[in-house]
Every structure is written in structure tokens, then in C-alpha cells.
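K.L.:
What follows is the file start18.cif, containing mmCIF, C-alpha atoms:
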data_coords
loop_
_atom_site.label_atom_id
_atom_site.label_comp_id
_atom_site.auth_asym_id
_atom_site.auth_seq_id
_atom_site.Cartn_x
_atom_site.Cartn_y
_atom_site.Cartn_z
CA MET G 1 0.00 0.00 0.00
CA THR G 2 1.39 3.35 -1.03
CA ASN G 3 2.22 6.23 1.25
CA ASP G 4 1.85 8.77 -1.50
CA PRO G 5 0.27 11.85 0.11
CA LEU G 6 -1.95 12.47 -2.91
CA TYR G 7 -3.48 9.00 -2.75
CA ILE G 8 -3.85 9.18 1.04
CA ARG G 9 -5.57 12.56 0.73
CA PHE G 10 -8.07 11.24 -1.83
CA ARG G 11 -8.64 8.07 0.16
CA GLU G 12 -9.38 10.03 3.32
CA LEU G 13 -11.69 12.35 1.39
CA SER G 14 -13.54 9.33 0.02
CA TRP G 15 -14.07 8.00 3.54
CA ARG G 16 -16.19 11.07 4.31
CA ARG G 17 -17.83 11.94 0.98
CA LYS G 18 -17.96 11.20 -2.73
CA LEU G 19 -15.13 12.74 -4.69
CA THR G 20 -15.99 15.62 -6.97
CA PRO G 21 -15.53 14.98 -10.73
CA ALA G 22 -12.35 17.06 -10.66
CA GLU G 23 -10.94 15.05 -7.73
CA GLU G 24 -12.00 11.84 -9.42
CA ALA G 25 -10.20 12.82 -12.62
CA GLU G 26 -7.04 13.73 -10.72
CA LEU G 27 -7.12 10.42 -8.91
CA ARG G 28 -7.66 8.49 -12.16
CA ASN G 29 -4.61 10.19 -13.63
CA TRP G 30 -2.61 9.20 -10.59
CA LEU G 31 -3.88 5.61 -10.71
CA ALA G 32 -2.94 5.40 -14.38
CA THR G 33 0.68 5.66 -13.31
CA HIS G 34 0.23 3.51 -10.18
CA VAL G 35 -1.72 0.51 -11.43
CA GLU G 36 -0.70 -1.54 -8.36
CA GLU G 37 -3.05 0.68 -6.30
CA GLN G 38 -5.97 0.18 -8.64
CA ALA G 39 -7.39 -2.85 -6.77
CA ASP G 40 -7.10 -1.14 -3.38
CA TRP G 41 -8.88 1.92 -4.68
CA GLU G 42 -11.68 -0.18 -6.18
CA ALA G 43 -12.18 -1.96 -2.87
CA GLU G 44 -12.21 1.37 -1.02
CA ALA G 45 -14.76 2.82 -3.41
CA ARG G 46 -17.01 -0.23 -3.20
CA LEU G 47 -16.85 -0.29 0.58
CA SER G 48 -17.82 3.39 0.68
CA ASP G 49 -20.76 2.62 -1.63
CA ALA G 50 -21.74 -0.33 0.55
CA LEU G 51 -21.71 1.82 3.67
CA ASP G 52 -23.65 4.56 1.88
CA GLN G 53 -26.33 2.08 0.90
CA LEU G 54 -26.96 0.91 4.43
CA PRO G 55 -30.54 1.96 5.09
CA ASP G 56 -31.39 4.57 7.66
CA ALA G 57 -32.88 3.31 10.89
CA PRO G 58 -36.61 4.02 10.78
CA VAL G 59 -37.55 7.02 12.85
CA PRO G 60 -41.15 7.03 14.10
CA SER G 61 -43.22 9.93 12.82
CA ASN G 62 -44.11 10.76 16.43
CA PHE G 63 -40.48 10.94 17.53
CA THR G 64 -40.30 14.72 17.99
CA ALA G 65 -43.70 14.80 19.69
CA ASN G 66 -42.59 12.09 22.10
CA VAL G 67 -39.38 13.94 22.90
CA LEU G 68 -41.27 17.17 23.56
CA GLN G 69 -43.78 15.35 25.73
CA ALA G 70 -41.07 13.61 27.72
CA LEU G 71 -39.42 16.98 28.13
CA GLN G 72 -42.65 18.53 29.36
CA LEU G 73 -42.94 15.79 31.98
CA GLU G 74 -39.35 16.44 33.06
CA GLN G 75 -40.04 20.14 33.36
CA ASN G 76 -43.21 19.51 35.37
CA ALA G 77 -41.28 17.25 37.72
CA GLN G 78 -38.57 19.88 38.12
CA ALA G 79 -41.17 22.56 38.79
CA ARG G 80 -42.74 20.39 41.48
CA ALA G 81 -39.35 19.81 43.07
CA ALA G 82 -38.54 23.53 42.99
CA ARG G 83 -41.68 24.65 44.80
CA PRO G 84 -41.11 26.28 48.26
CA SER G 85 -41.72 23.88 51.08
CA PRO G 86 -43.94 23.77 53.08
CA GLY G 87 -46.66 25.43 51.00
CA TRP G 88 -50.14 26.25 52.25
CA TRP G 89 -51.49 23.23 50.39
CA GLN G 90 -49.06 21.06 52.31
CA LEU G 91 -50.51 22.45 55.55
CA LEU G 92 -53.83 21.00 54.43
CA THR G 93 -52.41 17.56 54.94
CA TRP G 94 -52.12 18.39 58.65
CA VAL G 95 -55.74 19.49 58.99
CA PRO G 96 -57.24 16.00 59.50
CA LYS G 97 -54.55 15.14 62.05
CA ALA G 98 -55.05 18.42 63.89
CA ALA G 99 -58.83 17.92 63.87
CA LEU G 100 -58.46 14.43 65.32
CA ALA G 101 -56.15 15.70 68.04
CA ALA G 102 -58.61 18.50 68.90
CA LEU G 103 -61.45 15.97 69.06
CA VAL G 104 -59.52 13.78 71.47
CA VAL G 105 -58.66 16.75 73.71
CA ALA G 106 -62.29 17.97 73.67
CA ALA G 107 -63.57 14.50 74.54
CA GLY G 108 -61.13 14.26 77.45
CA PHE G 109 -62.18 17.69 78.70
CA LEU G 110 -65.88 16.81 78.52
CA PHE G 111 -65.22 13.55 80.40
CA PHE G 112 -63.41 15.51 83.10
CA LEU G 113 -66.28 18.02 83.35
CA HIS G 114 -68.79 15.19 83.61
CA GLY G 115 -66.79 13.62 86.45
CA GLN G 116 -66.71 16.95 88.27
CA THR G 117 -70.48 17.34 87.88
CA VAL G 118 -71.12 13.85 89.22
CA ARG G 119 -68.90 14.43 92.26
CA ARG G 120 -70.60 17.76 92.97
CA ALA G 121 -74.03 16.16 92.78
CA GLU G 122 -72.98 13.45 95.25
CA LEU G 123 -71.65 16.07 97.63
CA ARG G 124 -74.84 18.06 97.32
CA ASP G 125 -76.94 14.97 98.07
CA SER G 126 -74.84 14.26 101.17
CA VAL G 127 -75.29 17.79 102.41
CA VAL G 128 -79.04 17.60 101.81
CA PHE G 129 -79.22 14.27 103.69
CA VAL G 130 -77.32 15.63 106.67
CA SER G 131 -79.33 18.81 106.73
CA ALA G 132 -82.53 16.71 106.74
CA VAL G 133 -81.76 15.43 110.27
CA LYS G 134 -83.74 17.86 112.50
CA SER G 135 -82.08 17.41 115.91
CA LEU G 136 -79.70 15.17 117.70
CA PRO G 137 -80.46 13.68 121.22
CA SER G 138 -79.15 15.73 124.12
CA PRO G 139 -75.88 14.67 125.76
CA GLU G 140 -77.87 13.65 128.88
CA VAL G 141 -79.19 10.65 126.99
CA LEU G 142 -75.65 9.36 126.66
CA ARG G 143 -74.75 9.78 130.33
CA ASP G 144 -75.09 6.09 131.26
CA PHE G 145 -73.91 4.93 127.83
CA ASP G 146 -70.81 3.15 129.16
CA VAL G 147 -72.78 1.31 131.90
CA ILE G 148 -75.41 0.22 129.49
CA ARG G 149 -72.81 -0.86 127.05
CA ALA G 150 -71.03 -2.89 129.76
CA LEU G 151 -74.25 -4.67 130.53
CA ASP G 152 -74.12 -6.18 127.07
CA GLN G 153 -70.82 -7.76 127.98
CA THR G 154 -72.24 -9.79 131.04
CA PRO G 155 -72.50 -13.54 130.41
CA PRO G 156 -75.90 -14.78 129.26
CA ALA G 157 -78.31 -16.02 131.92
CA ASP G 158 -78.28 -19.71 132.75
CA GLU G 159 -81.71 -20.53 131.56
CA GLN G 160 -81.74 -24.08 132.96
CA LEU G 161 -80.96 -22.83 136.40
CA LEU G 162 -83.65 -20.23 136.13
CA THR G 163 -86.11 -22.88 135.14
CA LEU G 164 -85.17 -25.10 138.15
CA LEU G 165 -85.43 -22.19 140.50
CA GLN G 166 -88.91 -21.46 139.32
CA MET Y 167 -16.44 28.52 16.64
CA SER Y 168 -19.17 31.13 16.96
CA ALA Y 169 -22.94 30.92 16.81
CA GLU Y 170 -22.90 32.95 13.57
CA ARG Y 171 -20.87 30.26 11.84
CA ASP Y 172 -22.90 27.38 13.24
CA PRO Y 173 -26.66 27.88 12.83
CA ASP Y 174 -27.32 24.91 15.10
CA ALA Y 175 -25.33 26.55 17.87
CA ALA Y 176 -27.45 29.66 17.35
CA LEU Y 177 -30.57 27.51 17.74
CA MET Y 178 -29.10 25.96 20.85
CA LEU Y 179 -28.55 29.42 22.34
CA LEU Y 180 -32.26 30.04 21.77
CA VAL Y 181 -33.02 26.75 23.52
CA LYS Y 182 -30.88 28.00 26.38
CA GLN Y 183 -33.26 30.96 26.63
CA GLY Y 184 -36.23 28.61 26.82
CA ASP Y 185 -37.25 28.49 23.16
CA ASN Y 186 -38.83 25.07 22.70
CA ALA Y 187 -39.56 25.71 19.00
CA ALA Y 188 -35.81 26.00 18.39
CA PHE Y 189 -35.36 22.76 20.27
CA ALA Y 190 -37.97 21.05 18.08
CA LEU Y 191 -36.06 22.21 14.99
CA LEU Y 192 -32.86 20.66 16.30
CA VAL Y 193 -34.66 17.40 17.09
CA GLU Y 194 -36.12 17.31 13.60
CA LYS Y 195 -32.76 17.92 12.00
CA TYR Y 196 -30.74 15.42 13.98
CA LYS Y 197 -33.20 12.66 14.83
CA GLN Y 198 -32.18 10.57 11.82
CA PRO Y 199 -28.39 10.69 12.30
CA ILE Y 200 -28.75 10.08 16.03
CA MET Y 201 -31.12 7.17 15.42
CA ASN Y 202 -28.71 5.71 12.87
CA LEU Y 203 -25.81 5.91 15.30
CA ALA Y 204 -27.85 4.51 18.19
CA TYR Y 205 -29.24 1.68 16.07
CA ARG Y 206 -25.85 0.65 14.66
CA MET Y 207 -24.36 0.78 18.15
CA LEU Y 208 -27.12 -1.02 20.05
CA ARG Y 209 -28.61 -3.12 17.23
CA ASP Y 210 -32.06 -2.91 18.77
CA LEU Y 211 -34.57 -0.55 17.27
CA THR Y 212 -36.66 0.02 20.39
CA GLU Y 213 -33.64 0.66 22.56
CA ALA Y 214 -32.15 2.89 19.88
CA GLU Y 215 -35.33 4.96 19.83
CA ASP Y 216 -35.39 5.30 23.62
CA LEU Y 217 -31.75 6.22 23.65
CA ALA Y 218 -32.16 8.78 20.86
CA GLN Y 219 -34.98 10.40 22.82
CA ASN Y 220 -32.78 10.46 25.90
CA VAL Y 221 -30.03 12.13 23.89
CA PHE Y 222 -32.30 15.04 23.05
CA ILE Y 223 -33.68 15.26 26.56
CA GLN Y 224 -30.11 15.36 27.82
CA VAL Y 225 -29.35 18.12 25.32
CA HIS Y 226 -32.25 20.16 26.64
CA LYS Y 227 -31.27 19.56 30.24
CA SER Y 228 -27.72 20.67 29.50
CA ALA Y 229 -28.83 23.75 27.57
CA ALA Y 230 -28.24 26.03 30.54
CA ARG Y 231 -24.57 25.02 30.61
CA TYR Y 232 -24.13 25.09 26.83
CA GLU Y 233 -21.27 27.22 25.55
CA VAL Y 234 -20.41 27.61 21.88
CA SER Y 235 -16.93 26.15 22.07
CA SER Y 236 -17.30 23.72 19.19
CA LYS Y 237 -19.89 22.76 16.62
CA PHE Y 238 -23.26 21.79 18.01
CA SER Y 239 -23.17 18.49 16.13
CA THR Y 240 -19.87 17.57 17.80
CA TRP Y 241 -21.40 18.16 21.21
CA LEU Y 242 -24.57 16.27 20.23
CA PHE Y 243 -22.73 13.22 18.92
CA THR Y 244 -20.51 13.19 22.01
CA ILE Y 245 -23.62 12.98 24.20
CA ALA Y 246 -25.06 10.28 21.94
CA ARG Y 247 -21.88 8.22 22.02
CA ASN Y 248 -21.59 8.51 25.80
CA LEU Y 249 -25.17 7.36 26.29
CA CYS Y 250 -24.58 4.47 23.88
CA LEU Y 251 -21.49 3.42 25.82
CA ASN Y 252 -23.42 3.64 29.10
CA GLU Y 253 -26.12 1.43 27.63
CA ILE Y 254 -23.59 -1.09 26.32
CA ARG Y 255 -21.96 -1.20 29.77
CA ARG Y 256 -25.36 -1.55 31.44
CA ARG Y 257 -26.19 -4.43 29.11
CA SER Y 258 -22.98 -6.21 29.96
CA ARG Y 259 -23.81 -5.89 33.66
CA HIS Y 260 -27.54 -6.76 33.37
CA PRO Y 261 -27.93 -8.67 30.13
CA ALA Y 262 -31.58 -9.63 30.67
CA GLU Y 263 -33.01 -6.22 31.60
CA SER Y 264 -34.71 -4.04 29.07
CA ILE Y 265 -33.96 -0.35 28.93
CA GLU Y 266 -37.71 0.29 28.95
CA ALA Y 267 -38.52 -1.41 32.21
CA PRO Y 268 -37.45 1.30 34.66
CA TYR Y 269 -38.77 4.05 32.42
CA TYR Y 270 -42.37 2.88 32.31
CA GLU Y 271 -42.44 2.13 36.00
CA GLN Y 272 -41.90 5.78 36.68
CA GLU Y 273 -44.74 7.89 37.88
CA ASP Y 274 -44.14 10.40 35.14
CA GLN Y 275 -44.52 8.04 32.23
CA PRO Y 276 -46.20 9.57 29.22
CA ARG Y 277 -49.93 9.77 29.65
CA GLN Y 278 -50.52 10.12 25.95
CA GLN Y 279 -48.93 8.07 23.20
CA PHE Y 280 -48.68 9.71 19.82
CA GLU Y 281 -49.61 7.40 17.01
CA ASP Y 282 -46.82 6.46 14.66
CA LYS Y 283 -48.38 7.01 11.28
CA LYS Y 284 -45.43 5.59 9.41
CA ILE Y 285 -45.89 1.85 9.54
CA THR Y 286 -42.49 0.21 9.38
CA SER Y 287 -41.32 -3.19 10.38
CA PRO Y 288 -37.64 -2.89 11.24
CA PRO Y 289 -36.35 -6.30 10.24
CA ASP Y 290 -38.04 -6.17 6.82
CA SER Y 291 -37.48 -2.58 5.93
CA LEU Y 292 -34.07 -2.21 7.49
CA LEU Y 293 -32.30 -5.29 6.27
CA HIS Y 294 -34.05 -6.20 3.07
CA GLY Y 295 -31.02 -7.64 1.37
CA GLU Y 296 -28.43 -10.21 2.18
CA LEU Y 297 -25.63 -7.84 1.32
CA GLU Y 298 -26.96 -5.20 3.62
CA GLN Y 299 -27.02 -7.82 6.31
CA LYS Y 300 -23.43 -8.77 5.59
CA VAL Y 301 -22.25 -5.17 5.81
CA ASP Y 302 -24.32 -4.64 8.92
CA GLN Y 303 -22.88 -7.74 10.57
CA ALA Y 304 -19.34 -6.85 9.56
CA LEU Y 305 -19.82 -3.38 10.98
CA ALA Y 306 -21.24 -4.80 14.21
CA SER Y 307 -18.22 -7.07 14.63
CA LEU Y 308 -15.83 -4.10 14.75
CA PRO Y 309 -14.56 -2.75 18.06
CA GLU Y 310 -16.81 0.04 19.31
CA ASN Y 311 -14.39 2.89 18.63
CA GLN Y 312 -13.68 1.76 15.06
CA ARG Y 313 -17.38 1.28 14.38
CA THR Y 314 -18.27 4.70 15.82
CA ALA Y 315 -15.46 6.36 13.88
CA ILE Y 316 -16.67 4.84 10.60
CA LEU Y 317 -20.30 5.70 11.29
CA LEU Y 318 -19.46 9.29 12.21
CA CYS Y 319 -17.28 9.47 9.14
CA ARG Y 320 -20.33 8.97 6.97
CA GLN Y 321 -22.02 11.98 8.61
CA ASN Y 322 -21.31 14.86 6.26
CA GLU Y 323 -21.63 17.18 9.22
CA LEU Y 324 -18.45 16.12 10.91
CA SER Y 325 -14.84 16.75 9.94
CA TYR Y 326 -12.05 14.46 11.09
CA GLU Y 327 -11.15 16.95 13.80
CA GLU Y 328 -14.72 16.88 15.06
CA ILE Y 329 -14.88 13.09 14.94
CA ALA Y 330 -11.67 13.06 16.97
CA LYS Y 331 -13.34 15.31 19.55
CA VAL Y 332 -16.35 13.00 19.78
CA LEU Y 333 -14.10 9.98 20.22
CA GLY Y 334 -11.81 11.82 22.61
CA CYS Y 335 -8.62 10.98 20.75
CA SER Y 336 -6.13 12.65 18.48
CA LEU Y 337 -6.66 13.31 14.79
CA SER Y 338 -4.07 10.75 13.74
CA ALA Y 339 -5.53 8.14 16.12
CA THR Y 340 -8.97 8.80 14.65
CA LYS Y 341 -7.76 8.30 11.09
CA SER Y 342 -5.95 5.18 12.20
CA LEU Y 343 -9.18 3.83 13.76
CA ILE Y 344 -11.08 4.47 10.55
CA HIS Y 345 -8.35 2.93 8.43
CA ARG Y 346 -8.12 -0.22 10.56
CA GLY Y 347 -11.89 -0.55 10.70
CA ARG Y 348 -12.21 -0.22 6.96
CA GLU Y 349 -9.42 -2.74 6.38
CA THR Y 350 -11.31 -5.23 8.55
CA LEU Y 351 -14.52 -4.54 6.65
CA LYS Y 352 -12.75 -4.99 3.34
CA GLN Y 353 -11.43 -8.35 4.50
CA LYS Y 354 -14.80 -9.55 5.77
CA LEU Y 355 -16.67 -8.31 2.70
CA LYS Y 356 -14.00 -9.24 0.21
CA PRO Y 357 -16.15 -11.54 -1.97
CA TYR Y 358 -18.87 -8.92 -2.31
CA LEU Y 359 -16.57 -5.97 -2.83
CA ARG Y 360 -14.52 -7.85 -5.41
CA THR Y 361 -17.46 -8.93 -7.50
CA GLY Y 362 -19.31 -5.69 -7.05
CA ILE Y 363 -22.59 -7.55 -6.52
CA TRP Y 364 -23.67 -4.80 -4.21
CA LEU Y 365 -23.42 -2.18 -6.92
CA ASP Y 366 -25.44 -4.29 -9.32
CA GLN Y 367 -28.42 -4.56 -6.98
#
Would you put the structure from the file into C-alpha cells?
P.N.:
Amino acid sequence: MTNDPLYIRFRELSWRRKLTPAEEAELRNWLATHVEEQADWEAEARLSDALDQLPDAPVPSNFTANVLQALQLEQNAQARAARPSPGWWQLLTWVPKAALAALVVAAGFLFFLHGQTVRRAELRDSVVFVSAVKSLPSPEVLRDFDVIRALDQTPPADEQLLTLLQ
Amino acid sequence: MSAERDPDAALMLLVKQGDNAAFALLVEKYKQPIMNLAYRMLRDLTEAEDLAQNVFIQVHKSAARYEVSSKFSTWLFTIARNLCLNEIRRRSRHPAESIEAPYYEQEDQPRQQFEDKKITSPPDSLLHGELEQKVDQALASLPENQRTAILLCRQNELSYEEIAKVLGCSLSATKSLIHRGRETLKQKLKPYLRTGIWLDQ
């Protein structure tokens, strides 16, 4: 294979594009004096043609629309990510939790109030009951209380003996 | 390289300012070359389509950081090649997984599917001839960097310097990759290239 700069230049040009008629003519002149390179050049030219004739990959007609749509989705996602946090709409997510907590506190408070009311009613009833007693016996009544109480502690009468004595 | 000399870079600067119409123009212009590259790299039409879409989404995402330091197409093909390499690496790690699986599990999957009015069946329309298949197979058997270099070479948009930038190697290394790749192709396709059957079809 030759290292002639002219041939190398044309060969490299042919890798990228078809030679112009003028370039082609110049190359043919050169090949006329370098017939040993003829076969290499033919193979190069045919390979370039073969590569040129490879069909394009089919591009769907909706390709651009799909790209733009995918892009729109990306931009929407970025916009969502860029929003200030927390926003007022995010506070809405706390509303149900806050309402539940308030409900529990209110229920506890009502239960406490109910307990207080019940206790007060019981106290009131007790006071009414005590106030219903009109008078207590005088202390004189209790003067012989200890003697009378001691009487209860004497042993029971021997009923058999009492019967015999009668 | 300035935006005046590269109309695509000028469009990209508009995209940077939020102009989605300019972005749509770029997608329209480059969807075919990007699909071709992705398909020849991944050899799966569905995955190539997903990847090509991702390339453009990546372009849009990177618009804010875009500076006109080289041609737009160089930057675009660099992104495309990097995503292809990522996908090839991912495949080698998880051979059974489809690229679509994680995408459609996402919450933000497309709600609306646009109908593809162009009815094409990839295996029939894409490889309708034995010779095309042979070239396709020969191309697929090349090392990735040689294959990419040859594919980019066929893009009229890119010069050798720009191809070198996409590949991340020197100009001489790029030409060497193309030369070696083409020599391999010539060897593999020798019977067809010699007889010229391809040209007669």
C-alpha cells in the first residue's frame, strides 16, 4: 500500500464523501501511473458505496412529539421539586390530624367536666341528707352509755338454772 | 467557533433561553443521524429509539450550561456516544433487563402516546437484502471505537477533527481507527466488494 500523500488525501476524502468529478479525474490520472493501487482503490470505493447504501434506521413519525412530551414531563417534575416547602397546600395535609387531636382533647375535657359534675351532685346529696336530720339527742341521753354498754358484755343467763329455780 | 458560523449553535442558544420551538427544529434535523448511530451501536430498534430520545432530553437539560466552544453536532454526537457506551456497559452488567422497564415504571410516564403514522417493520425494511445484512454484521463485529469512527465518518456534518473530539482521541488516532476498521470490513466483505454484486443490486 502506497504512502503517497496524494493517494492518502483522496482516500481520506472518500471515507467522508464522494469525490468531486475534478478530484476523481485527478485520482484516475494518478492511478494510471500507479496501477498496483488500482485494486485497493476499487475496494475502497465499493466499501464506501456499501456503507452509503446501508438503510437509515426508521424514525417514528411521532419521535419529535414524544421527545417534547417527555421533556414537558421532566419540566413539570422539576417545577414540582422547585416549589417552596412547606406550601399552604401542604398544611392542608395536617388538617385531618389536627382535627383528630382537637377531638380527642375535647372528649377528654368533657369527660373531666362530667366527672366533676357527678362528684358535685354526690356532695350536694350528702349535704341535703345531713341537713334533713332535724335534731340530735341531748348529751344527757348518753350519760349512762358506758354502763349500758357494759351490761351487754355480762354472760348470758343460765336458763336451765332459772327454770329449776322457778 | 461562533454561533454565527454554526446555525445549530445559534438555535441551541435560543433553547438555552427557553425556546422550545428552536429545540424542536434541532430534534427534527438530527433525529435521523442520532437514530442511525444509536441503532448501529445497540442493534435494537426500540432501545435505539429510547436512547435517541434520551439524547435530546439530555441536550435540553444541559442547555443552561451550553457554551459555543465547538460545533453543536460535535457536542450532540458526544452525548449520543456517551449514552450508547453507558447502555452497552449496562447491558454487559444486566444482560436480561430491558432499557424500557425502569422508564415505564416511573410515575411520570407519558400519559398520551402519539400514534406512529409511518408503519415500518424494522427487520423487513431495514435489512431487506443479504448484502446489507453482511455489511451490517461486519460493521457490528468491529470494536466500538472503530465502528463509531466509521459511522461518524459517513455523517457529512463532521470533519475528522470533530470526529476526533467526539471519540476523545487525536486526529491521527482517529484516522488510524477508521483505516483499521475499513481494512477489517474490506477483508470480511472481500467476496462482495470484489465482484461488485452490491453495486449491481
K.L.:
Using only C-alpha atoms, pick whichever of Y:Arg320, Y:His260, Y:Arg255, Y:Arg346 has the shortest atom-to-atom distance to chain G.
P.N.:
Y:Arg320
K.L.:
Step by step, work through what the PyMOL selection byres ((chain G) within 12 of (chain Y)) selects in the shown file, and finish by giving those residues as a ChimeraX atom specification.
P.N.:
/G:1,8-9,11-18,39-78,80
K.L.:
Any idea what the distance is between CA of Leu179 (chain Y) and CA of Tyr232 (chain Y)?
P.N.:
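Separating CA of Leu179 (chain Y) from CA of Tyr232 (chain Y) is a distance of 7.6 Å.
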K.L.:
Using all atoms listed in the file, pick whichever of Y:Ala330, Y:Leu208, Y:Ala229, Y:Ala306 has the shortest atom-to-atom distance to Asp185 (chain Y).
P.N.:
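Smallest distance to Asp185 (chain Y) is found for Y:Ala229.
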